[in-house]
>>> print(open('protein24.tsv').read())   # TSV, C-alpha atoms
chain	number	residue	atom	x	y	z
C	20	MET	CA	6.76	-10.32	-21.11
C	21	SER	CA	10.28	-10.06	-19.74
C	22	PRO	CA	11.64	-12.79	-17.42
C	23	LEU	CA	12.17	-12.28	-13.71
C	24	THR	CA	15.69	-11.05	-13.09
C	25	ASN	CA	16.00	-10.82	-9.31
C	26	ASP	CA	16.95	-14.05	-7.54
C	27	VAL	CA	16.54	-12.83	-3.94
C	28	THR	CA	14.15	-14.82	-1.78
C	29	HIS	CA	12.49	-11.77	-0.23
C	30	ASP	CA	12.62	-8.00	-0.50
C	31	ASN	CA	10.89	-5.20	1.40
C	32	TRP	CA	7.73	-5.58	-0.63
C	33	SER	CA	7.33	-9.34	-0.39
C	34	LYS	CA	8.35	-9.42	3.27
C	35	TRP	CA	5.67	-6.89	4.14
C	36	ILE	CA	2.84	-8.34	2.05
C	37	LEU	CA	3.52	-11.95	3.02
C	38	SER	CA	4.50	-11.39	6.66
C	39	LEU	CA	4.72	-7.94	8.28
C	40	ARG	CA	1.28	-6.78	7.12
C	41	HIS	CA	-0.36	-9.32	9.44
C	42	GLY	CA	2.48	-10.17	11.83
C	43	ASP	CA	2.55	-13.84	10.79
C	44	ASP	CA	-0.74	-14.31	12.64
C	45	ARG	CA	-3.10	-16.53	10.63
C	46	ALA	CA	-6.28	-15.15	12.17
C	47	HIS	CA	-5.15	-11.56	11.60
C	48	ARG	CA	-4.03	-12.46	8.07
C	49	ASP	CA	-7.55	-13.68	7.31
C	50	ASN	CA	-9.08	-10.49	8.72
C	51	VAL	CA	-6.69	-8.35	6.68
C	52	ARG	CA	-7.59	-10.35	3.59
C	53	VAL	CA	-11.28	-9.63	4.08
C	54	GLU	CA	-10.55	-5.91	4.48
C	55	ILE	CA	-8.29	-5.53	1.46
C	56	THR	CA	-10.63	-7.62	-0.70
C	57	ARG	CA	-13.22	-4.91	-0.11
C	58	TYR	CA	-10.73	-2.39	-1.49
C	59	ALA	CA	-10.07	-4.63	-4.50
C	60	ASP	CA	-13.78	-5.05	-5.21
C	61	ARG	CA	-14.36	-1.32	-5.09
C	62	VAL	CA	-11.52	-0.76	-7.57
C	63	LEU	CA	-12.94	-3.42	-9.91
C	64	ASP	CA	-16.44	-1.94	-9.60
C	65	PHE	CA	-15.07	1.35	-10.91
C	66	ILE	CA	-13.62	-0.13	-14.12
C	67	ASP	CA	-16.84	-1.91	-15.13
C	68	LEU	CA	-15.26	-5.34	-15.57
C	69	ARG	CA	-16.61	-7.20	-18.64
C	70	PRO	CA	-15.93	-10.56	-20.32
C	71	GLY	CA	-13.06	-10.55	-22.79
C	72	MET	CA	-11.22	-7.63	-21.22
C	73	THR	CA	-7.47	-7.39	-20.80
C	74	LEU	CA	-6.62	-5.84	-17.44
C	75	ALA	CA	-3.24	-4.49	-16.38
C	76	ASP	CA	-2.84	-4.80	-12.60
C	77	ILE	CA	0.10	-2.52	-11.86
C	78	GLY	CA	2.03	-3.34	-8.69
C	79	THR	CA	0.07	-6.55	-8.33
C	80	GLY	CA	1.68	-7.61	-5.04
C	81	ASP	CA	0.25	-11.01	-4.15
C	82	GLY	CA	-2.15	-10.77	-7.10
C	83	LEU	CA	-5.25	-9.92	-5.08
C	84	VAL	CA	-6.86	-7.55	-7.61
C	85	GLY	CA	-5.91	-9.59	-10.65
C	86	PHE	CA	-7.17	-12.89	-9.26
C	87	ARG	CA	-10.31	-11.20	-8.00
C	88	ALA	CA	-10.90	-9.87	-11.52
C	89	ILE	CA	-10.61	-13.39	-12.94
C	90	GLU	CA	-12.93	-14.72	-10.24
C	91	ARG	CA	-15.52	-12.07	-11.05
C	92	GLY	CA	-15.06	-11.91	-14.83
C	93	GLY	CA	-14.58	-15.54	-15.72
C	94	VAL	CA	-12.36	-17.47	-18.10
C	95	SER	CA	-12.28	-14.83	-20.81
C	96	ILE	CA	-10.52	-12.24	-18.64
C	97	ARG	CA	-6.80	-11.75	-19.23
C	98	VAL	CA	-4.62	-10.07	-16.61
C	99	VAL	CA	-1.14	-8.61	-17.02
C	100	MET	CA	0.40	-8.57	-13.53
C	101	THR	CA	3.33	-6.20	-13.07
C	102	ASP	CA	5.46	-5.66	-10.00
C	103	ILE	CA	8.90	-4.37	-9.14
C	104	SER	CA	9.39	-7.36	-6.83
C	105	ALA	CA	10.56	-10.62	-8.39
C	106	PRO	CA	9.71	-12.63	-5.23
C	107	LEU	CA	6.13	-11.36	-5.35
C	108	LEU	CA	5.78	-12.18	-9.03
C	109	ARG	CA	7.02	-15.70	-8.33
C	110	HIS	CA	4.44	-15.90	-5.55
C	111	THR	CA	1.64	-14.80	-7.89
C	112	GLN	CA	2.74	-17.34	-10.49
C	113	GLU	CA	2.51	-20.11	-7.91
C	114	THR	CA	-0.88	-18.86	-6.79
C	115	ALA	CA	-2.11	-18.81	-10.39
C	116	ARG	CA	-1.03	-22.43	-10.80
C	117	THR	CA	-2.83	-23.38	-7.60
C	118	LEU	CA	-5.99	-21.60	-8.76
C	119	GLY	CA	-5.76	-23.11	-12.22
C	120	VAL	CA	-5.70	-19.74	-13.99
C	121	SER	CA	-2.12	-19.59	-15.30
C	122	GLU	CA	-3.31	-19.37	-18.90
C	123	GLN	CA	-5.14	-16.14	-18.10
C	124	CYS	CA	-2.12	-14.41	-16.54
C	125	ALA	CA	1.05	-12.77	-17.83
C	126	TYR	CA	3.82	-11.28	-15.69
C	127	LEU	CA	6.12	-8.31	-16.06
C	128	GLN	CA	8.82	-7.21	-13.62
C	129	CYS	CA	9.03	-3.43	-13.79
C	130	SER	CA	8.29	-0.23	-11.93
C	131	ALA	CA	5.01	1.63	-12.36
C	132	GLU	CA	6.89	4.54	-13.99
C	133	ASN	CA	8.21	2.32	-16.78
C	134	LEU	CA	5.81	-0.18	-18.35
C	135	ASP	CA	7.82	-0.67	-21.54
C	136	GLY	CA	6.85	-4.34	-21.62
C	137	ILE	CA	3.25	-3.33	-22.36
C	138	ALA	CA	2.54	-1.87	-25.79
C	139	ASP	CA	0.70	1.38	-26.44
C	140	GLU	CA	-3.09	1.04	-26.21
C	141	ALA	CA	-2.80	-2.65	-25.31
C	142	VAL	CA	-5.20	-2.99	-22.36
C	143	ASP	CA	-8.87	-2.29	-21.76
C	144	ALA	CA	-8.48	-1.30	-18.12
C	145	ALA	CA	-5.81	-0.76	-15.48
C	146	THR	CA	-5.78	-0.98	-11.70
C	147	MET	CA	-3.46	-0.09	-8.85
C	148	ARG	CA	-3.95	-0.69	-5.14
C	149	ALA	CA	-1.48	0.81	-2.66
C	150	VAL	CA	1.17	1.27	-5.37
C	151	LEU	CA	1.38	4.94	-6.34
C	152	ALA	CA	2.12	5.82	-2.71
C	153	TYR	CA	5.57	4.24	-3.11
C	154	VAL	CA	6.37	5.54	-6.59
C	155	GLU	CA	9.00	8.28	-6.84
C	156	ASP	CA	7.67	9.85	-10.05
C	157	LYS	CA	3.90	9.69	-9.73
C	158	PRO	CA	3.13	11.85	-12.81
C	159	ALA	CA	5.27	9.48	-14.91
C	160	ALA	CA	3.32	6.49	-13.61
C	161	MET	CA	0.05	8.24	-14.49
C	162	ARG	CA	1.33	8.93	-18.00
C	163	GLU	CA	2.22	5.26	-18.40
C	164	LEU	CA	-1.34	4.29	-17.44
C	165	TYR	CA	-2.60	6.64	-20.11
C	166	ARG	CA	-0.21	5.20	-22.71
C	167	ILE	CA	-1.11	1.53	-22.24
C	168	LEU	CA	-4.90	2.08	-22.15
C	169	LYS	CA	-7.02	1.79	-25.28
C	170	PRO	CA	-9.17	4.84	-26.11
C	171	GLY	CA	-12.19	4.66	-23.86
C	172	GLY	CA	-10.29	2.53	-21.36
C	173	ARG	CA	-10.62	3.19	-17.65
C	174	PHE	CA	-8.27	2.98	-14.73
C	175	ALA	CA	-9.03	2.80	-11.02
C	176	ILE	CA	-6.71	3.07	-8.03
C	177	ALA	CA	-7.00	2.84	-4.26
C	178	GLU	CA	-4.18	4.62	-2.49
C	179	PRO	CA	-3.44	5.11	1.21
C	180	ILE	CA	-3.03	8.75	2.21
C	181	LEU	CA	-0.29	8.71	4.84
C	182	ARG	CA	0.44	12.42	5.12
C	183	ASP	CA	-1.60	12.84	8.31
C	184	GLU	CA	0.38	10.12	10.10
C	185	ALA	CA	3.58	11.98	9.24
C	186	LEU	CA	2.16	15.30	10.40
C	187	GLU	CA	1.21	13.73	13.73
C	188	VAL	CA	4.81	12.57	14.24
C	189	CYS	CA	6.10	16.00	13.20
C	190	MET	CA	3.80	17.64	15.74
C	191	LEU	CA	4.94	15.29	18.49
C	192	LYS	CA	8.56	16.16	17.73
C	193	ARG	CA	7.77	19.88	17.76
C	194	LEU	CA	6.00	19.61	21.12
C	195	ILE	CA	8.95	17.75	22.63
C	196	ASP	CA	11.57	20.07	21.13
C	197	THR	CA	9.78	23.16	22.45
C	198	HIS	CA	9.07	21.54	25.83
C	199	ALA	CA	5.36	22.10	25.29
C	200	ILE	CA	4.69	18.71	26.88
C	201	GLN	CA	6.19	17.18	30.00
C	202	THR	CA	9.53	15.72	28.93
C	203	ASP	CA	10.54	14.64	32.43
C	204	ASP	CA	8.32	11.66	31.68
C	205	PRO	CA	10.37	9.58	29.20
C	206	PHE	CA	7.24	8.12	27.58
C	207	PHE	CA	6.77	10.75	24.89
C	208	PRO	CA	10.45	11.02	23.80
C	209	LEU	CA	10.65	7.22	23.58
C	210	LEU	CA	7.36	7.09	21.69
C	211	LEU	CA	8.73	9.66	19.24
C	212	ARG	CA	11.80	7.51	18.58
C	213	CYS	CA	9.54	4.61	17.66
C	214	ARG	CA	7.16	6.64	15.52
C	215	ALA	CA	10.01	8.45	13.75
C	216	ALA	CA	11.41	5.07	12.70
C	217	GLN	CA	8.19	4.44	10.76
C	218	PHE	CA	7.19	7.93	9.55
C	219	PRO	CA	9.13	11.17	8.86
C	220	ASP	CA	9.40	13.46	11.89
C	221	THR	CA	10.00	16.75	10.06
C	222	GLU	CA	8.02	18.46	7.33
C	223	GLU	CA	11.14	18.56	5.17
C	224	LYS	CA	11.44	14.78	5.34
C	225	ALA	CA	7.73	14.39	4.70
C	226	ARG	CA	8.00	16.45	1.53
C	227	SER	CA	10.91	14.33	0.29
C	228	LEU	CA	9.37	10.87	0.73
C	229	PRO	CA	6.99	9.34	-1.83
C	230	ILE	CA	4.66	7.98	0.85
C	231	THR	CA	4.00	11.40	2.40
C	232	ASN	CA	4.69	14.04	-0.28
C	233	TYR	CA	1.21	13.97	-1.83
C	234	GLY	CA	-2.45	14.17	-0.91
C	235	GLU	CA	-5.70	13.11	-2.53
C	236	ARG	CA	-6.00	16.33	-4.55
C	237	ASP	CA	-2.58	15.72	-6.05
C	238	LEU	CA	-3.89	12.44	-7.48
C	239	VAL	CA	-6.57	14.38	-9.34
C	240	ARG	CA	-3.98	16.80	-10.68
C	241	PHE	CA	-1.75	13.95	-11.89
C	242	ALA	CA	-4.71	12.43	-13.78
C	243	ILE	CA	-5.65	15.76	-15.37
C	244	ASP	CA	-2.07	16.44	-16.45
C	245	ALA	CA	-1.79	12.96	-18.01
C	246	GLY	CA	-4.81	13.68	-20.22
C	247	PHE	CA	-7.57	11.68	-18.54
C	248	THR	CA	-11.22	12.74	-18.43
C	249	ASP	CA	-14.26	11.68	-16.39
C	250	ILE	CA	-12.09	11.88	-13.28
C	251	HIS	CA	-13.72	11.01	-9.99
C	252	LEU	CA	-12.15	10.83	-6.53
C	253	GLU	CA	-13.57	9.58	-3.25
C	254	LEU	CA	-11.67	9.98	0.01
C	255	HIS	CA	-12.72	7.47	2.65
C	256	ILE	CA	-11.66	8.21	6.23
C	257	ASP	CA	-12.57	5.65	8.88
C	258	VAL	CA	-11.76	6.24	12.53
C	259	GLN	CA	-12.46	3.42	14.97
C	260	THR	CA	-10.96	1.56	17.89
C	261	GLU	CA	-7.96	-0.52	16.93
C	262	ALA	CA	-8.54	-4.15	16.03
C	263	CYS	CA	-8.40	-6.46	19.03
C	264	LEU	CA	-5.07	-8.15	18.34
C	265	PRO	CA	-2.72	-10.01	20.64
C	266	TRP	CA	0.03	-7.63	21.68
C	267	GLU	CA	2.65	-10.01	20.26
C	268	THR	CA	0.97	-9.84	16.84
C	269	PHE	CA	0.84	-6.05	16.94
C	270	LEU	CA	4.56	-5.95	17.73
C	271	ARG	CA	5.34	-7.95	14.58
C	272	THR	CA	3.30	-5.76	12.21
C	273	SER	CA	4.40	-2.60	10.42
C	274	PRO	CA	2.24	0.19	8.96
C	275	HIS	CA	3.72	0.12	5.43
C	276	PRO	CA	6.40	-1.76	3.44
C	277	LEU	CA	9.16	0.77	4.13
C	278	ALA	CA	8.66	0.80	7.90
C	279	PRO	CA	10.20	-1.60	10.41
C	280	SER	CA	7.94	-3.48	12.78
C	281	LEU	CA	7.59	-2.13	16.30
C	282	GLU	CA	9.44	-5.20	17.52
C	283	GLU	CA	12.39	-4.38	15.26
C	284	VAL	CA	12.42	-0.78	16.51
C	285	PHE	CA	12.43	-1.97	20.11
C	286	GLU	CA	15.31	-4.35	19.43
C	287	THR	CA	17.51	-1.99	17.42
C	288	GLN	CA	16.86	1.47	18.84
C	289	LEU	CA	16.04	1.05	22.53
C	290	THR	CA	17.94	-0.31	25.50
C	291	SER	CA	16.35	-3.15	27.44
C	292	GLU	CA	15.37	-0.69	30.18
C	293	GLU	CA	13.84	1.73	27.68
C	294	ARG	CA	11.95	-1.08	25.99
C	295	GLY	CA	10.60	-2.40	29.27
C	296	PHE	CA	9.32	1.04	30.26
C	297	LEU	CA	7.82	1.96	26.88
C	298	GLU	CA	6.34	-1.44	26.16
C	299	GLY	CA	4.60	-1.49	29.52
C	300	ARG	CA	2.95	1.87	28.88
C	301	MET	CA	2.10	1.16	25.24
C	302	ARG	CA	0.70	-2.29	25.95
C	303	ALA	CA	-1.60	-0.94	28.65
C	304	ILE	CA	-3.02	1.61	26.20
C	305	PHE	CA	-3.26	-0.94	23.39
C	306	GLU	CA	-5.04	-3.56	25.48
C	307	SER	CA	-7.46	-1.04	26.99
C	308	GLY	CA	-9.53	-1.23	23.80
C	309	THR	CA	-9.88	2.56	23.66
C	310	GLN	CA	-7.04	3.37	21.26
C	311	LEU	CA	-8.35	4.95	18.06
C	312	GLY	CA	-6.91	4.27	14.63
C	313	ALA	CA	-7.63	5.92	11.30
C	314	THR	CA	-7.43	4.71	7.71
C	315	ARG	CA	-7.47	7.14	4.82
C	316	ILE	CA	-7.99	5.64	1.36
C	317	ALA	CA	-8.36	7.67	-1.84
C	318	TYR	CA	-10.23	5.98	-4.71
C	319	LEU	CA	-9.59	7.57	-8.08
C	320	THR	CA	-11.04	6.54	-11.42
C	321	ALA	CA	-10.72	8.12	-14.85
C	322	LYS	CA	-11.17	7.47	-18.55
C	323	LYS	CA	-8.87	7.80	-21.52
C	324	PRO	CA	-10.74	9.79	-24.17
>>> encode(input="protein24.tsv", output="structure tokens")
Amino acid sequence: MSPLTNDVTHDNWSKWILSLRHGDDRAHRDNVRVEITRYADRVLDFIDLRPGMTLADIGTGDGLVGFRAIERGGVSIRVVMTDISAPLLRHTQETARTLGVSEQCAYLQCSAENLDGIADEAVDAATMRAVLAYVEDKPAAMRELYRILKPGGRFAIAEPILRDEALEVCMLKRLIDTHAIQTDDPFFPLLLRCRAAQFPDTEEKARSLPITNYGERDLVRFAIDAGFTDIHLELHIDVQTEACLPWETFLRTSPHPLAPSLEEVFETQLTSEERGFLEGRMRAIFESGTQLGATRIAYLTAKKP
């Protein structure tokens, strides 16, 4: 496997996974860990993990899926952990040493569209969790999964579907631009400025960004076009009241690795007066316990014939 070539301490990916995902709040970090471990377990259930397998965990992040595979499969499991982020790969290496599983892990710094460091038909199974959403050329990434899998090998992915969040921001912008809602109240225009810093606010932008230019059915099409069979997709949509977080923690979180935190938006895009007004309104809604949030996760599994 190729050496790590990026000497930066942090990048967007590592900063989000290690900090902004949970707002540097230990209690919230633990809760997030429980939630995403459920996603990882579902992905591993799909690939039918067995002793002696070699697993490629593409876009490994902090190594959650790969380490979970070793925990579930035992000492005979081998995991190739790939990621575009050198800081995250260094983090996973340190974690592997702490867990005492370094001998079962290999590392490759690369994008999901280009897995040249993995030979053709070299792995028994492949996984991705919240990776394809950020890939520019998703069909190319799917073809690479097909290439590295042995005949009969399976892959499983869990991907956030963020298109609806973008469409909500686009609708808010349209309502404000057409004066369909009361714009004398500065709340909605200020809210739009914050939301547009995290998600595209026009359909043209949404179609141009990797995180919002696809839906769950596109994932099926990518798998078919790559040559996979036995394709199965499940879309899980959960709508519930937002987690009861301290407001300060919520300010420090961001919804995805390419989005600034709300705190950063407040500091860089609003005046102190605008922030005071908007934060007062938003905090009252947030702390009321009635604010609904939705998660949309697509699970896709397929087999190489």
>>> closest_residue(input="protein24.tsv", among="C:Arg57, C:Lys192, C:Lys169, C:Arg91", to="C:Arg214", atoms="all atoms listed in the file")
C:Lys192
>>> residues_around(input="protein24.tsv", residues="C:Ala185", least_positions_apart="2", cutoff="7 Å", atoms="only C-alpha atoms", output="count of residues only")
11
>>> residues_around(input="protein24.tsv", residues="C:Cys124", least_positions_apart="2", cutoff="8 Å", atoms="only C-alpha atoms", output="list in words")
Arg97, Val98, Val99, Met100, Ala115, Val120, Ser121, Glu122 and Tyr126 of chain C
>>> atom_distance(input="protein24.tsv", atom1="atom CA of C:Gly299", atom2="atom CA of C:Leu37")
28.5 Å
>>> atom_distance(input="protein24.tsv", atom1="atom CA of C:Glu178", atom2="atom CA of C:Glu54")
14.1 Å
>>> residues_near_point(input="protein24.tsv", point="(-8.4, 8.0, -13.2)", cutoff="8 Å", atoms="all atoms listed in the file", output="list in words")
Arg173, Phe174, Ala175, Ile176, Val239, Ala242, Phe247, Thr248, Asp249, Ile250, His251, Leu319, Thr320, Ala321 and Lys322 of chain C
>>> residues_around(input="protein24.tsv", residues="C:Glu293", least_positions_apart="4", cutoff="10 Å", atoms="only C-alpha atoms", output="PyMOL selection string")
chain C and resi 205-206+209+285+288-289+297-299
>>> decode(input="protein24.tsv", residues="stretch 41-162 of chain C", atoms="C-alpha atoms", output="mmCIF file, in the first residue's frame")
data_model
loop_
_atom_site.group_PDB
_atom_site.id
_atom_site.type_symbol
_atom_site.label_atom_id
_atom_site.label_comp_id
_atom_site.auth_asym_id
_atom_site.auth_seq_id
_atom_site.Cartn_x
_atom_site.Cartn_y
_atom_site.Cartn_z
ATOM 1 C CA HIS C 41 -20.372 16.070 17.662
ATOM 2 C CA GLY C 42 -19.381 19.647 18.489
ATOM 3 C CA ASP C 43 -16.509 18.562 20.762
ATOM 4 C CA ASP C 44 -19.095 17.432 23.307
ATOM 5 C CA ARG C 45 -18.070 14.103 24.858
ATOM 6 C CA ALA C 46 -21.601 13.045 25.779
ATOM 7 C CA HIS C 47 -22.894 13.865 22.294
ATOM 8 C CA ARG C 48 -19.869 12.136 20.745
ATOM 9 C CA ASP C 49 -20.800 8.949 22.608
ATOM 10 C CA ASN C 50 -24.411 9.194 21.453
ATOM 11 C CA VAL C 51 -23.312 9.745 17.852
ATOM 12 C CA ARG C 52 -21.015 6.744 18.144
ATOM 13 C CA VAL C 53 -23.892 4.524 19.211
ATOM 14 C CA GLU C 54 -25.998 5.741 16.285
ATOM 15 C CA ILE C 55 -23.366 5.323 13.589
ATOM 16 C CA THR C 56 -22.339 1.926 14.961
ATOM 17 C CA ARG C 57 -25.864 0.787 14.140
ATOM 18 C CA TYR C 58 -25.276 1.913 10.555
ATOM 19 C CA ALA C 59 -21.956 0.050 10.484
ATOM 20 C CA ASP C 60 -23.516 -3.141 11.828
ATOM 21 C CA ARG C 61 -26.254 -3.048 9.225
ATOM 22 C CA VAL C 62 -23.670 -2.657 6.462
ATOM 23 C CA LEU C 63 -21.653 -5.595 7.832
ATOM 24 C CA ASP C 64 -24.799 -7.717 8.156
ATOM 25 C CA PHE C 65 -25.388 -7.261 4.431
ATOM 26 C CA ILE C 66 -21.975 -8.604 3.373
ATOM 27 C CA ASP C 67 -22.239 -11.804 5.429
ATOM 28 C CA LEU C 68 -18.930 -11.371 7.251
ATOM 29 C CA ARG C 69 -17.010 -14.664 7.606
ATOM 30 C CA PRO C 70 -13.646 -15.722 9.075
ATOM 31 C CA GLY C 71 -10.697 -15.374 6.720
ATOM 32 C CA MET C 72 -12.246 -12.634 4.590
ATOM 33 C CA THR C 73 -10.398 -9.635 3.220
ATOM 34 C CA LEU C 74 -12.572 -6.538 3.441
ATOM 35 C CA ALA C 75 -11.960 -3.231 1.686
ATOM 36 C CA ASP C 76 -13.458 -0.380 3.728
ATOM 37 C CA ILE C 77 -13.529 2.495 1.255
ATOM 38 C CA GLY C 78 -13.484 5.971 2.800
ATOM 39 C CA THR C 79 -12.821 4.449 6.197
ATOM 40 C CA GLY C 80 -12.875 7.747 8.103
ATOM 41 C CA ASP C 81 -12.038 6.947 11.714
ATOM 42 C CA GLY C 82 -12.110 3.228 10.911
ATOM 43 C CA LEU C 83 -15.496 2.491 12.456
ATOM 44 C CA VAL C 84 -16.651 -0.128 9.926
ATOM 45 C CA GLY C 85 -13.255 -1.773 9.577
ATOM 46 C CA PHE C 86 -12.639 -2.094 13.302
ATOM 47 C CA ARG C 87 -16.190 -3.285 13.828
ATOM 48 C CA ALA C 88 -15.580 -5.980 11.202
ATOM 49 C CA ILE C 89 -12.479 -7.158 13.076
ATOM 50 C CA GLU C 90 -14.394 -7.106 16.360
ATOM 51 C CA ARG C 91 -17.171 -9.216 14.873
ATOM 52 C CA GLY C 92 -15.077 -11.471 12.619
ATOM 53 C CA GLY C 93 -12.062 -12.158 14.780
ATOM 54 C CA VAL C 94 -8.331 -12.426 14.212
ATOM 55 C CA SER C 95 -8.564 -13.941 10.741
ATOM 56 C CA ILE C 96 -10.254 -10.888 9.211
ATOM 57 C CA ARG C 97 -8.061 -8.574 7.136
ATOM 58 C CA VAL C 98 -9.162 -5.011 6.384
ATOM 59 C CA VAL C 99 -7.816 -2.634 3.749
ATOM 60 C CA MET C 100 -8.712 0.869 4.940
ATOM 61 C CA THR C 101 -8.704 3.557 2.255
ATOM 62 C CA ASP C 102 -9.345 7.263 2.627
ATOM 63 C CA ILE C 103 -8.566 10.463 0.797
ATOM 64 C CA SER C 104 -7.573 12.064 4.109
ATOM 65 C CA ALA C 105 -4.044 11.449 5.382
ATOM 66 C CA PRO C 106 -4.890 12.789 8.874
ATOM 67 C CA LEU C 107 -7.739 10.293 9.176
ATOM 68 C CA LEU C 108 -5.557 7.408 8.036
ATOM 69 C CA ARG C 109 -2.978 8.379 10.651
ATOM 70 C CA HIS C 110 -5.794 8.424 13.199
ATOM 71 C CA THR C 111 -6.940 4.929 12.192
ATOM 72 C CA GLN C 112 -3.375 3.634 12.396
ATOM 73 C CA GLU C 113 -3.082 4.932 15.948
ATOM 74 C CA THR C 114 -6.444 3.423 16.828
ATOM 75 C CA ALA C 115 -5.365 0.070 15.391
ATOM 76 C CA ARG C 116 -2.248 0.139 17.563
ATOM 77 C CA THR C 117 -4.347 0.953 20.625
ATOM 78 C CA LEU C 118 -6.734 -1.903 19.837
ATOM 79 C CA GLY C 119 -3.886 -4.297 19.125
ATOM 80 C CA VAL C 120 -5.072 -5.093 15.587
ATOM 81 C CA SER C 121 -2.391 -3.412 13.462
ATOM 82 C CA GLU C 122 -1.396 -6.723 11.873
ATOM 83 C CA GLN C 123 -4.911 -7.109 10.483
ATOM 84 C CA CYS C 124 -4.998 -3.676 8.828
ATOM 85 C CA ALA C 125 -3.508 -2.107 5.712
ATOM 86 C CA TYR C 126 -3.889 1.524 4.639
ATOM 87 C CA LEU C 127 -4.212 3.255 1.302
ATOM 88 C CA GLN C 128 -4.545 6.992 0.702
ATOM 89 C CA CYS C 129 -6.709 7.464 -2.380
ATOM 90 C CA SER C 130 -10.098 8.581 -3.607
ATOM 91 C CA ALA C 131 -12.982 6.152 -4.038
ATOM 92 C CA GLU C 132 -12.864 6.705 -7.818
ATOM 93 C CA ASN C 133 -9.274 5.470 -8.043
ATOM 94 C CA LEU C 134 -8.329 2.386 -6.033
ATOM 95 C CA ASP C 135 -5.207 1.567 -8.055
ATOM 96 C CA GLY C 136 -3.441 0.396 -4.908
ATOM 97 C CA ILE C 137 -5.827 -2.574 -4.719
ATOM 98 C CA ALA C 138 -5.409 -5.273 -7.351
ATOM 99 C CA ASP C 139 -8.204 -6.668 -9.500
ATOM 100 C CA GLU C 140 -10.348 -9.263 -7.705
ATOM 101 C CA ALA C 141 -8.318 -8.851 -4.509
ATOM 102 C CA VAL C 142 -11.018 -8.586 -1.822
ATOM 103 C CA ASP C 143 -13.931 -10.716 -0.676
ATOM 104 C CA ALA C 144 -16.172 -7.811 0.284
ATOM 105 C CA ALA C 145 -16.275 -4.021 0.234
ATOM 106 C CA THR C 146 -18.048 -1.426 2.345
ATOM 107 C CA MET C 147 -18.688 2.308 2.268
ATOM 108 C CA ARG C 148 -20.484 4.437 4.824
ATOM 109 C CA ALA C 149 -21.233 8.084 4.027
ATOM 110 C CA VAL C 150 -18.581 8.170 1.287
ATOM 111 C CA LEU C 151 -20.257 8.071 -2.119
ATOM 112 C CA ALA C 152 -22.217 11.208 -1.199
ATOM 113 C CA TYR C 153 -18.993 13.218 -1.478
ATOM 114 C CA VAL C 154 -17.569 11.542 -4.578
ATOM 115 C CA GLU C 155 -17.609 13.567 -7.800
ATOM 116 C CA ASP C 156 -17.743 10.578 -10.171
ATOM 117 C CA LYS C 157 -20.029 8.087 -8.476
ATOM 118 C CA PRO C 158 -20.270 5.664 -11.444
ATOM 119 C CA ALA C 159 -16.453 5.469 -11.499
ATOM 120 C CA ALA C 160 -16.392 4.629 -7.796
ATOM 121 C CA MET C 161 -18.962 1.885 -8.379
ATOM 122 C CA ARG C 162 -16.863 0.458 -11.199
#
